[in-house]
file model_33.cif (mmCIF, C-alpha atoms)
data_my_file
#
loop_
_atom_site.label_atom_id
_atom_site.label_comp_id
_atom_site.auth_asym_id
_atom_site.auth_seq_id
_atom_site.Cartn_x
_atom_site.Cartn_y
_atom_site.Cartn_z
CA MET A 389 16.16 -8.44 -1.39
CA ALA A 390 12.64 -6.97 -1.50
CA LEU A 391 13.93 -3.52 -0.54
CA PHE A 392 16.59 -3.83 -3.24
CA ASP A 393 13.81 -4.50 -5.78
CA VAL A 394 11.98 -1.40 -4.58
CA LEU A 395 15.14 0.68 -4.98
CA LEU A 396 15.59 -0.63 -8.52
CA GLY A 397 11.93 0.06 -9.29
CA ALA A 398 12.20 3.59 -7.93
CA THR A 399 15.28 4.12 -10.09
CA ALA A 400 13.41 2.83 -13.15
CA VAL A 401 10.49 5.26 -12.77
CA PHE A 402 12.91 8.10 -12.01
CA LEU A 403 14.81 7.46 -15.24
CA ALA A 404 11.58 7.13 -17.24
CA SER A 405 10.31 10.49 -15.98
CA PHE A 406 13.70 12.05 -16.68
CA LEU A 407 13.70 10.67 -20.21
CA GLY A 408 10.23 12.06 -20.84
CA ALA A 409 11.15 15.50 -19.50
CA ALA A 410 14.34 15.49 -21.58
CA LEU A 411 12.29 15.05 -24.77
CA ILE A 412 11.70 18.79 -24.64
CA TYR A 413 15.13 19.08 -26.26
CA ALA A 414 14.06 16.93 -29.21
CA PHE A 415 10.42 17.84 -29.80
CA LYS A 416 8.36 20.98 -29.73
CA LYS A 417 5.15 18.98 -29.67
CA ILE A 418 3.74 15.49 -30.22
CA ASP A 419 1.38 15.14 -33.17
CA ARG A 420 -2.23 14.16 -32.58
CA THR A 421 -1.80 10.52 -33.56
CA GLY A 422 1.28 10.02 -31.39
CA TYR A 423 -0.43 11.71 -28.45
CA ALA A 424 -3.43 9.39 -28.71
CA VAL A 425 -1.26 6.28 -29.05
CA LEU A 426 0.98 7.10 -26.08
CA LEU A 427 -1.83 7.92 -23.69
CA SER A 428 -4.14 5.04 -24.60
CA PHE A 429 -1.30 2.48 -24.62
CA SER A 430 -0.30 3.65 -21.14
CA ALA A 431 -3.93 3.40 -20.03
CA GLY A 432 -4.12 -0.21 -21.22
CA VAL A 433 -1.01 -1.20 -19.29
CA MET A 434 -2.23 0.54 -16.16
CA ALA A 435 -5.72 -0.98 -16.41
CA PHE A 436 -4.35 -4.53 -16.43
CA SER A 437 -2.02 -3.67 -13.55
CA ALA A 438 -4.86 -2.23 -11.48
CA MET A 439 -6.89 -5.40 -11.94
CA GLU A 440 -3.89 -7.49 -10.86
CA MET A 441 -3.52 -5.37 -7.72
CA ILE A 442 -7.16 -5.95 -6.82
CA GLY A 443 -6.72 -9.67 -7.47
CA GLN A 444 -3.65 -9.79 -5.23
CA SER A 445 -5.52 -8.18 -2.32
CA HIS A 446 -8.64 -10.35 -2.61
CA PRO A 447 -7.31 -13.50 -0.82
CA TYR A 448 -6.47 -11.47 2.29
CA VAL A 449 -9.48 -9.19 2.77
CA GLY A 450 -13.16 -9.25 1.93
CA ASP A 451 -14.94 -7.63 -0.96
CA ALA A 452 -16.14 -4.77 1.25
CA VAL A 453 -12.59 -3.77 2.23
CA ILE A 454 -11.46 -3.90 -1.39
CA ALA A 455 -14.45 -1.81 -2.49
CA VAL A 456 -13.75 0.80 0.20
CA GLY A 457 -10.05 0.91 -0.72
CA VAL A 458 -10.77 1.36 -4.43
CA LEU A 459 -13.40 4.02 -3.72
CA LEU A 460 -11.07 5.96 -1.44
CA GLY A 461 -8.34 5.78 -4.06
CA LEU A 462 -10.73 7.18 -6.66
CA LEU A 463 -11.91 9.93 -4.31
CA ALA A 464 -8.36 10.89 -3.31
CA LEU A 465 -7.36 11.44 -6.93
CA TYR A 466 -10.65 13.20 -7.67
CA ALA A 467 -10.03 15.63 -4.81
CA SER A 468 -6.49 16.22 -6.00
CA ASP A 469 -7.74 16.79 -9.53
CA ARG A 470 -10.25 19.37 -8.33
CA LEU A 471 -7.81 21.23 -6.10
CA LEU A 472 -4.66 21.23 -8.22
CA PRO A 473 -4.00 22.54 -11.74
CA HIS A 474 -4.49 19.76 -14.27
CA VAL A 475 -1.46 19.13 -16.46
CA HIS A 476 -3.37 17.65 -19.40
CA ALA A 477 -5.73 20.62 -19.56
CA ARG A 478 -2.80 23.02 -19.56
CA ILE A 479 -0.88 21.32 -22.33
CA ARG A 480 -3.97 21.23 -24.56
CA GLY A 481 -4.21 24.94 -25.06
CA HIS A 482 -6.18 26.59 -22.27
CA GLU A 483 -4.93 30.13 -21.84
CA ILE A 484 -3.40 30.93 -18.46
CA SER A 485 -0.78 33.34 -17.22
CA ALA A 486 2.60 32.82 -18.84
CA SER A 487 4.54 34.10 -15.85
CA LYS A 488 7.31 31.96 -14.47
CA LYS A 489 5.69 32.05 -11.03
CA LYS A 490 2.53 30.53 -12.47
CA ALA A 491 4.64 27.91 -14.27
CA ALA A 492 6.37 27.00 -11.00
CA LEU A 493 3.00 26.57 -9.26
CA ILE A 494 1.82 24.26 -12.03
CA ALA A 495 5.01 22.23 -11.83
CA GLY A 496 4.51 21.83 -8.09
CA ALA A 497 0.94 20.65 -8.59
CA ILE A 498 2.05 18.12 -11.20
CA THR A 499 4.70 16.81 -8.84
CA MET A 500 2.06 16.20 -6.15
CA HIS A 501 0.19 13.99 -8.62
CA ASN A 502 3.16 11.62 -8.60
CA VAL A 503 2.85 10.78 -4.90
CA PRO A 504 -0.03 8.28 -5.39
CA GLU A 505 1.88 6.70 -8.28
CA GLY A 506 4.88 6.11 -6.03
CA LEU A 507 2.61 4.66 -3.35
CA ALA A 508 1.11 2.33 -5.96
CA ILE A 509 4.58 0.93 -6.62
CA ALA A 510 5.20 0.57 -2.90
CA SER A 511 1.90 -1.24 -2.36
CA ALA A 512 2.57 -3.57 -5.28
CA PHE A 513 6.03 -4.58 -4.04
CA ALA A 514 4.62 -5.07 -0.57
CA GLY A 515 2.19 -7.54 -2.13
CA SER A 516 4.75 -9.49 -4.17
CA ALA A 517 7.88 -8.86 -6.23
CA PRO A 518 6.28 -9.89 -9.58
CA LEU A 519 3.34 -7.55 -8.98
CA GLY A 520 5.75 -4.81 -7.97
CA TRP A 521 7.68 -5.12 -11.22
CA LEU A 522 4.50 -5.23 -13.29
CA VAL A 523 3.25 -2.00 -11.72
CA THR A 524 6.73 -0.44 -11.96
CA LEU A 525 6.94 -1.19 -15.67
CA SER A 526 3.44 0.13 -16.26
CA MET A 527 4.29 3.33 -14.37
CA ALA A 528 7.58 3.68 -16.25
CA ILE A 529 5.76 3.42 -19.59
CA GLN A 530 3.32 6.08 -18.44
CA ASP A 531 6.04 8.30 -16.98
CA ILE A 532 7.74 8.90 -20.33
CA PRO A 533 4.84 10.85 -21.89
CA GLU A 534 3.95 12.27 -18.47
CA GLY A 535 7.49 13.57 -18.04
CA PHE A 536 7.20 15.29 -21.39
CA MET A 537 3.86 16.78 -20.35
CA ILE A 538 5.61 18.33 -17.36
CA SER A 539 8.37 20.03 -19.34
CA ALA A 540 6.35 20.99 -22.44
CA PRO A 541 3.83 23.42 -20.86
CA LEU A 542 6.56 25.07 -18.82
CA ALA A 543 8.51 25.73 -22.02
CA CYS A 544 5.35 27.24 -23.50
CA TYR A 545 5.20 29.66 -20.57
CA GLY A 546 8.70 30.91 -21.25
CA VAL A 547 10.70 28.71 -18.87
CA GLU A 548 14.09 27.81 -20.35
CA LYS A 549 14.59 24.17 -21.27
CA ARG A 550 17.21 23.51 -18.60
CA ARG A 551 14.78 24.62 -15.88
CA CYS A 552 12.00 22.55 -17.47
CA LEU A 553 14.26 19.52 -17.14
CA ASN A 554 14.93 20.40 -13.50
CA TYR A 555 11.19 20.45 -12.78
CA GLY A 556 10.94 17.05 -14.45
CA LEU A 557 13.72 15.76 -12.21
CA LEU A 558 11.90 17.06 -9.14
CA SER A 559 8.71 15.29 -10.17
CA ALA A 560 10.64 12.06 -10.83
CA ALA A 561 12.37 12.26 -7.45
CA VAL A 562 9.03 12.69 -5.64
CA GLU A 563 7.60 9.56 -7.27
CA ALA A 564 10.72 7.51 -6.53
CA GLY A 565 10.85 8.76 -2.95
CA ALA A 566 7.17 7.98 -2.38
CA ALA A 567 7.80 4.42 -3.60
CA ILE A 568 10.68 3.86 -1.17
CA ILE A 569 9.13 5.55 1.87
CA GLY A 570 5.75 3.97 1.20
CA TYR A 571 7.29 0.49 1.02
CA ILE A 572 9.13 0.96 4.31
CA LEU A 573 5.91 2.06 6.04
CA LEU A 574 3.92 -0.83 4.57
CA SER A 575 6.66 -3.26 5.63
CA ILE A 576 6.16 -2.09 9.20
CA PHE A 577 2.37 -2.09 9.02
CA THR A 578 1.86 -5.25 6.96
CA PRO A 579 -1.92 -5.56 7.62
CA LEU A 580 -2.32 -2.41 5.54
CA VAL A 581 -0.83 -4.01 2.41
CA PRO A 582 -4.10 -5.42 0.94
CA PHE A 583 -5.89 -2.13 1.60
CA GLY A 584 -2.95 -0.23 0.09
CA LEU A 585 -3.19 -2.36 -3.04
CA ALA A 586 -6.91 -1.63 -3.39
CA PHE A 587 -6.43 2.09 -2.68
CA SER A 588 -3.65 2.35 -5.26
CA ALA A 589 -5.70 0.41 -7.81
CA GLY A 590 -8.51 2.94 -7.35
CA ALA A 591 -6.08 5.82 -7.84
CA MET A 592 -4.77 4.22 -11.03
CA LEU A 593 -8.30 3.68 -12.34
CA TYR A 594 -9.06 7.36 -11.83
CA VAL A 595 -5.97 8.33 -13.82
CA ILE A 596 -7.02 5.96 -16.61
CA PHE A 597 -10.66 7.01 -16.97
CA ALA A 598 -10.49 10.68 -15.96
CA GLU A 599 -7.18 11.68 -17.53
CA LEU A 600 -5.55 9.34 -20.03
CA LEU A 601 -8.49 8.00 -22.04
CA PRO A 602 -10.45 11.27 -22.35
CA ASP A 603 -7.36 13.01 -23.69
CA ALA A 604 -6.54 10.13 -26.04
CA PHE A 605 -10.06 9.84 -27.49
CA GLY A 606 -10.41 13.61 -27.57
CA GLU A 607 -7.92 13.68 -30.43
CA ARG A 608 -10.56 12.18 -32.77
CA LYS A 609 -8.39 9.11 -33.20
CA GLU A 610 -10.90 6.74 -31.62
CA ARG A 611 -9.91 3.57 -33.47
CA ILE A 612 -6.19 4.14 -33.01
CA ALA A 613 -6.73 4.91 -29.33
CA ALA A 614 -8.87 1.79 -28.82
CA LEU A 615 -6.32 -0.45 -30.54
CA SER A 616 -3.49 1.13 -28.55
CA PHE A 617 -5.39 0.55 -25.30
CA ALA A 618 -5.82 -3.13 -26.23
CA ALA A 619 -2.15 -3.36 -27.17
CA GLY A 620 -1.14 -1.90 -23.81
CA ALA A 621 -3.28 -4.41 -21.93
CA ALA A 622 -1.85 -7.24 -24.04
CA VAL A 623 1.71 -6.14 -23.32
CA ALA A 624 0.93 -6.00 -19.60
CA PHE A 625 -0.54 -9.50 -19.81
CA GLY A 626 2.64 -10.70 -21.51
CA ILE A 627 4.76 -9.13 -18.80
CA ALA A 628 2.61 -10.77 -16.11
CA SER A 629 2.92 -14.14 -17.82
CA ALA A 630 6.68 -13.79 -18.12
CA LEU A 631 6.87 -12.99 -14.42
CA ALA A 632 4.85 -16.16 -13.72
CA PHE A 633 1.81 -14.69 -12.01
#

call {"tool": "encode", "arguments": {"input": "model_33.cif", "output": "structure tokens"}}
result
Amino acid sequence: MALFDVLLGATAVFLASFLGAALIYAFKKIDRTGYAVLLSFSAGVMAFSAMEMIGQSHPYVGDAVIAVGVLLGLLALYASDRLLPHVHARIRGHEISASKKKAALIAGAITMHNVPEGLAIASAFAGSAPLGWLVTLSMAIQDIPEGFMISAPLACYGVEKRRCLNYGLLSAAVEAGAAIIGYILLSIFTPLVPFGLAFSAGAMLYVIFAELLPDAFGERKERIAALSFAAGAAVAFGIASALAF
């Protein structure tokens, strides 16, 4: 039953990423207010989920293990962010080569960013089904604007919309696959589950504070972004309550 939940969760994030990438057919761009709302709302949902993941790991390991796991998660995403092209920087107007080869390299880098997100889902389901669904829903909410931010810059670099959608599908498949494979590995090595939760929480916190919130508040919509962040956290709390945490 647990593996079935993981498969459903992987399908949910796949469809969310696909939906976001498909928005390229409906929109040329998101206005500044909508951009700030989407990113900060997603950050609020993810922040609550990250705290729940840390709370779930605490009964099984000490504070030192949790701290190391969170720190390593932060450092892993920081290293990735330094080594790979940054999708949010690209979509916000920095001039780079418009060649299709360059666009393909960017798409590949973006896809690699989805591996930790899939592992976060795997770690959450390995902890408990309710936590797994909370993290899955938070990732799915985030994946809609993220899917769009995969397809949009590629379209700007001259890639036809059908190929942009294909890159979005690739990114979605990587996240879903990481969730399934990660869960199977954690099921075999169960002592790693609490550490995996802490590591994934650290990775999510990096995404929140280094990517989502700076972009949201950078739109000079500080009050709207702050309220949207609070709304996202409140929605996540409602989901957690409904799932009887």

call {"tool": "closest_residue", "arguments": {"input": "model_33.cif", "among": "A:Ala614, A:Met441, A:Val503, A:Ala510", "to": "Ala424 (chain A)", "atoms": "all atoms listed in the file"}}
result
A:Ala614

call {"tool": "residues_around", "arguments": {"input": "model_33.cif", "residues": "Gly556 (chain A)", "least_positions_apart": "4", "cutoff": "8 Å", "atoms": "all atoms listed in the file", "output": "list in words"}}
result
Ser405, Phe406, Ala409, Gly535, Ile538, Ser539, Cys552 and Ala560 of chain A

call {"tool": "atom_distance", "arguments": {"input": "model_33.cif", "atom1": "CA of Gly520 (chain A)", "atom2": "CA of Tyr423 (chain A)"}}
result
27.0 Å

call {"tool": "atom_distance", "arguments": {"input": "model_33.cif", "atom1": "CA of Ala410 (chain A)", "atom2": "CA of Phe536 (chain A)"}}
result
7.1 Å

call {"tool": "resolve_selection", "arguments": {"input": "model_33.cif", "expression": "the PyMOL selection byres ((chain A and resi 511) around 8)", "output": "PyMOL selection string"}}
result
chain A and resi 507-510+512-515+520+570-571+574+581+584-585+588

call {"tool": "write_last_selection", "arguments": {"input": "model_33.cif", "atoms": "C-alpha atoms", "output": "PDB file, in the frame of the given file"}}
result
ATOM      1  CA  LEU A 507       2.610   4.660  -3.350  1.00  0.00           C
ATOM      2  CA  ALA A 508       1.110   2.330  -5.960  1.00  0.00           C
ATOM      3  CA  ILE A 509       4.580   0.930  -6.620  1.00  0.00           C
ATOM      4  CA  ALA A 510       5.200   0.570  -2.900  1.00  0.00           C
ATOM      5  CA  ALA A 512       2.570  -3.570  -5.280  1.00  0.00           C
ATOM      6  CA  PHE A 513       6.030  -4.580  -4.040  1.00  0.00           C
ATOM      7  CA  ALA A 514       4.620  -5.070  -0.570  1.00  0.00           C
ATOM      8  CA  GLY A 515       2.190  -7.540  -2.130  1.00  0.00           C
ATOM      9  CA  GLY A 520       5.750  -4.810  -7.970  1.00  0.00           C
ATOM     10  CA  GLY A 570       5.750   3.970   1.200  1.00  0.00           C
ATOM     11  CA  TYR A 571       7.290   0.490   1.020  1.00  0.00           C
ATOM     12  CA  LEU A 574       3.920  -0.830   4.570  1.00  0.00           C
ATOM     13  CA  VAL A 581      -0.830  -4.010   2.410  1.00  0.00           C
ATOM     14  CA  GLY A 584      -2.950  -0.230   0.090  1.00  0.00           C
ATOM     15  CA  LEU A 585      -3.190  -2.360  -3.040  1.00  0.00           C
ATOM     16  CA  SER A 588      -3.650   2.350  -5.260  1.00  0.00           C
TER      17      SER A 588
END

call {"tool": "atom_distance", "arguments": {"input": "model_33.cif", "atom1": "CA of Phe617 (chain A)", "atom2": "CA of Phe597 (chain A)"}}
result
11.8 Å

call {"tool": "resolve_selection", "arguments": {"input": "model_33.cif", "expression": "the PyMOL selection byres ((chain A and resi 618-628) around 10)", "output": "short mmCIF file (atom, residue, chain, number, x, y, z; two decimals) with C-alpha atoms, keeping the file's coordinate frame"}}
result
data_model
loop_
_atom_site.label_atom_id
_atom_site.label_comp_id
_atom_site.auth_asym_id
_atom_site.auth_seq_id
_atom_site.Cartn_x
_atom_site.Cartn_y
_atom_site.Cartn_z
CA VAL A 425 -1.26 6.28 -29.05
CA LEU A 426 0.98 7.10 -26.08
CA LEU A 427 -1.83 7.92 -23.69
CA SER A 428 -4.14 5.04 -24.60
CA PHE A 429 -1.30 2.48 -24.62
CA SER A 430 -0.30 3.65 -21.14
CA ALA A 431 -3.93 3.40 -20.03
CA GLY A 432 -4.12 -0.21 -21.22
CA VAL A 433 -1.01 -1.20 -19.29
CA MET A 434 -2.23 0.54 -16.16
CA ALA A 435 -5.72 -0.98 -16.41
CA PHE A 436 -4.35 -4.53 -16.43
CA SER A 437 -2.02 -3.67 -13.55
CA GLU A 440 -3.89 -7.49 -10.86
CA PRO A 518 6.28 -9.89 -9.58
CA LEU A 519 3.34 -7.55 -8.98
CA TRP A 521 7.68 -5.12 -11.22
CA LEU A 522 4.50 -5.23 -13.29
CA VAL A 523 3.25 -2.00 -11.72
CA LEU A 525 6.94 -1.19 -15.67
CA SER A 526 3.44 0.13 -16.26
CA ILE A 529 5.76 3.42 -19.59
CA ILE A 612 -6.19 4.14 -33.01
CA ALA A 613 -6.73 4.91 -29.33
CA ALA A 614 -8.87 1.79 -28.82
CA LEU A 615 -6.32 -0.45 -30.54
CA SER A 616 -3.49 1.13 -28.55
CA PHE A 617 -5.39 0.55 -25.30
CA SER A 629 2.92 -14.14 -17.82
CA ALA A 630 6.68 -13.79 -18.12
CA LEU A 631 6.87 -12.99 -14.42
CA ALA A 632 4.85 -16.16 -13.72
CA PHE A 633 1.81 -14.69 -12.01
#

call {"tool": "closest_residue", "arguments": {"input": "model_33.cif", "among": "A:Thr578, A:Ser559, A:Gln530, A:Thr524", "to": "Leu396 (chain A)", "atoms": "all atoms listed in the file"}}
result
A:Thr524

call {"tool": "closest_residue", "arguments": {"input": "model_33.cif", "among": "A:Ile572, A:Ala390, A:Leu465, A:Ala400", "to": "Asp531 (chain A)", "atoms": "only C-alpha atoms"}}
result
A:Ala400

call {"tool": "residues_around", "arguments": {"input": "model_33.cif", "residues": "Asp451 (chain A)", "least_positions_apart": "6", "cutoff": "10 Å", "atoms": "all atoms listed in the file", "output": "number ranges by chain"}}
result
A: 442, 445, 457

call {"tool": "closest_residue", "arguments": {"input": "model_33.cif", "among": "A:Ala464, A:Ala586, A:Leu573, A:Ala564", "to": "Met527 (chain A)", "atoms": "only C-alpha atoms"}}
result
A:Ala564

call {"tool": "closest_residue", "arguments": {"input": "model_33.cif", "among": "A:Met439, A:Ala528, A:Leu557, A:Leu580", "to": "Val401 (chain A)", "atoms": "only C-alpha atoms"}}
result
A:Ala528

call {"tool": "closest_residue", "arguments": {"input": "model_33.cif", "among": "A:Ala517, A:Met592, A:Leu395, A:Val547", "to": "Leu460 (chain A)", "atoms": "all atoms listed in the file"}}
result
A:Met592

call {"tool": "resolve_selection", "arguments": {"input": "model_33.cif", "expression": "the PyMOL selection byres ((chain A and resi 462) around 8)", "output": "PyMOL selection string"}}
result
chain A and resi 458-461+463-466+587+590-594

call {"tool": "decode", "arguments": {"input": "model_33.cif", "residues": "region 556-630 of chain A", "atoms": "C-alpha atoms", "output": "mmCIF file, in the first residue's frame"}}
result
data_model
loop_
_atom_site.group_PDB
_atom_site.id
_atom_site.type_symbol
_atom_site.label_atom_id
_atom_site.label_comp_id
_atom_site.auth_asym_id
_atom_site.auth_seq_id
_atom_site.Cartn_x
_atom_site.Cartn_y
_atom_site.Cartn_z
ATOM 1 C CA GLY A 556 9.007 19.943 -19.200
ATOM 2 C CA LEU A 557 7.967 16.306 -19.482
ATOM 3 C CA LEU A 558 11.583 15.200 -19.062
ATOM 4 C CA SER A 559 11.949 17.293 -15.929
ATOM 5 C CA ALA A 560 8.676 15.915 -14.539
ATOM 6 C CA ALA A 561 9.743 12.337 -15.254
ATOM 7 C CA VAL A 562 13.054 12.839 -13.419
ATOM 8 C CA GLU A 563 11.283 14.094 -10.293
ATOM 9 C CA ALA A 564 8.745 11.258 -10.352
ATOM 10 C CA GLY A 565 11.457 8.671 -10.965
ATOM 11 C CA ALA A 566 13.599 10.029 -8.120
ATOM 12 C CA ALA A 567 10.598 9.713 -5.791
ATOM 13 C CA ILE A 568 10.003 6.055 -6.687
ATOM 14 C CA ILE A 569 13.639 4.933 -6.740
ATOM 15 C CA GLY A 570 14.438 6.902 -3.602
ATOM 16 C CA TYR A 571 11.550 5.292 -1.721
ATOM 17 C CA ILE A 572 12.638 1.788 -2.729
ATOM 18 C CA LEU A 573 16.193 2.461 -1.520
ATOM 19 C CA LEU A 574 14.984 3.963 1.759
ATOM 20 C CA SER A 575 12.668 0.980 2.271
ATOM 21 C CA ILE A 576 15.707 -1.277 2.091
ATOM 22 C CA PHE A 577 17.888 0.943 4.269
ATOM 23 C CA THR A 578 15.284 2.025 6.827
ATOM 24 C CA PRO A 579 17.794 3.490 9.353
ATOM 25 C CA LEU A 580 18.488 6.188 6.777
ATOM 26 C CA VAL A 581 14.878 7.436 6.792
ATOM 27 C CA PRO A 582 15.231 10.024 9.622
ATOM 28 C CA PHE A 583 18.456 11.353 8.098
ATOM 29 C CA GLY A 584 16.798 11.432 4.671
ATOM 30 C CA LEU A 585 13.950 13.499 6.104
ATOM 31 C CA ALA A 586 16.380 16.003 7.623
ATOM 32 C CA PHE A 587 18.489 16.154 4.454
ATOM 33 C CA SER A 588 15.426 16.748 2.288
ATOM 34 C CA ALA A 589 14.121 19.393 4.697
ATOM 35 C CA GLY A 590 17.441 21.230 4.354
ATOM 36 C CA ALA A 591 17.218 21.044 0.567
ATOM 37 C CA MET A 592 13.680 22.445 0.672
ATOM 38 C CA LEU A 593 14.752 25.275 2.977
ATOM 39 C CA TYR A 594 17.468 26.249 0.526
ATOM 40 C CA VAL A 595 14.938 26.398 -2.312
ATOM 41 C CA ILE A 596 12.662 28.567 -0.166
ATOM 42 C CA PHE A 597 15.210 31.116 1.055
ATOM 43 C CA ALA A 598 17.654 31.186 -1.862
ATOM 44 C CA GLU A 599 15.259 30.889 -4.789
ATOM 45 C CA LEU A 600 11.547 31.368 -4.191
ATOM 46 C CA LEU A 601 11.414 34.219 -1.675
ATOM 47 C CA PRO A 602 14.165 36.401 -3.205
ATOM 48 C CA ASP A 603 12.424 36.229 -6.575
ATOM 49 C CA ALA A 604 9.004 36.896 -5.041
ATOM 50 C CA PHE A 605 10.114 39.895 -2.965
ATOM 51 C CA GLY A 606 12.287 41.141 -5.808
ATOM 52 C CA GLU A 607 9.127 42.071 -7.680
ATOM 53 C CA ARG A 608 8.539 44.981 -5.256
ATOM 54 C CA LYS A 609 5.333 43.325 -4.104
ATOM 55 C CA GLU A 610 6.526 42.813 -0.534
ATOM 56 C CA ARG A 611 3.146 42.910 1.193
ATOM 57 C CA ILE A 612 1.470 40.665 -1.355
ATOM 58 C CA ALA A 613 4.394 38.235 -1.173
ATOM 59 C CA ALA A 614 4.317 38.181 2.639
ATOM 60 C CA LEU A 615 0.571 37.559 2.733
ATOM 61 C CA SER A 616 0.879 34.850 0.086
ATOM 62 C CA PHE A 617 3.639 33.149 2.089
ATOM 63 C CA ALA A 618 1.392 33.155 5.173
ATOM 64 C CA ALA A 619 -1.503 31.833 3.107
ATOM 65 C CA GLY A 620 0.649 28.999 1.794
ATOM 66 C CA ALA A 621 1.727 28.013 5.297
ATOM 67 C CA ALA A 622 -1.903 28.164 6.461
ATOM 68 C CA VAL A 623 -3.039 25.932 3.609
ATOM 69 C CA ALA A 624 -0.290 23.438 4.446
ATOM 70 C CA PHE A 625 -1.389 23.490 8.080
ATOM 71 C CA GLY A 626 -4.961 22.787 6.975
ATOM 72 C CA ILE A 627 -3.798 19.879 4.849
ATOM 73 C CA ALA A 628 -1.780 18.495 7.768
ATOM 74 C CA SER A 629 -4.779 18.797 10.078
ATOM 75 C CA ALA A 630 -7.040 17.071 7.573
#
